[in-house]
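Student: This is the structure I have questions about; it appears just below.
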Amino acid sequence: MEKTLHLNLMDLTGLLNGTQFQDLLLRDSGVALDRALFPLLVRIERFGPMDVRTLANQAGRDHSTVSRHVLKLQSLGLVTLASGADDGRVKLSVVTQKGRKAVQAIGKARDRLLDRLLQDWSSEDRNDLVRLTGMLVHALHDGSRREKGTHECNHNS
């Protein structure tokens, strides 16, 4: 079972991070944005202001690449940079109103796509999918925190 689950998770992340899916979301949302930028924008909006290192870690990307992408998001008026409360040298990316509107449009496009993909699923199966993926995310967060020796959780399902 573990091997099949692992392969399914690899397939799922590959599809969700793939150019075809991302191009479809951007096209259907009406948002004109480079596909490398929109997952970062969505993460910043979803998880709140964050520094480049945290964003790079969450996105599984190189720090220097994410830094350039954040500057591009800033130049497009989708994020602003603010000083961190604990350390003024740390710059936090904060989504602007324009950025929130873009994220909302992408979210609506994603919801429409998932509704189409899952239209033949029963309500019970849809609810089970949400419940079980939520459990998996929490288990991964818990395991990661135990490995790091931290006790905070930034994820809300």
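Identifiers in this document derive from the order of the structure tokens: chains are assigned A, B, ..., residues are numbered from 1 separately in each chain, and ligands are numbered from 1 in order of occurrence.
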If you count only C-alpha atoms, which residues fall within 8 Å of A:Pro49, apart from same-chain ones fewer than 2 positions away, as a count of residues only?

Tutor: 8

Student: What does the distance from atom CA of A:Thr4 to atom CA of A:Leu129 come to in Å, to one decimal?

Tutor: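 Distance reported for this atom pair: 16.6 Å.
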
Student: List every residue of stretch 24-91 of chain A that DSSP, applied to the backbone of this structure, assigns to strand (DSSP E or B), and report them as a PyMOL selection string.

Tutor: chain A and resi 50-51+79-83+91

Student: Among chain A, which residues does DSSP mark as helix (DSSP H, G or I) when it is run on the backbone? Keep the chain and numbering as in the structure and answer as number ranges by chain.

Tutor: A: 2-17, 19-29, 38-47, 52-59, 63-75, 97-117, 123-148
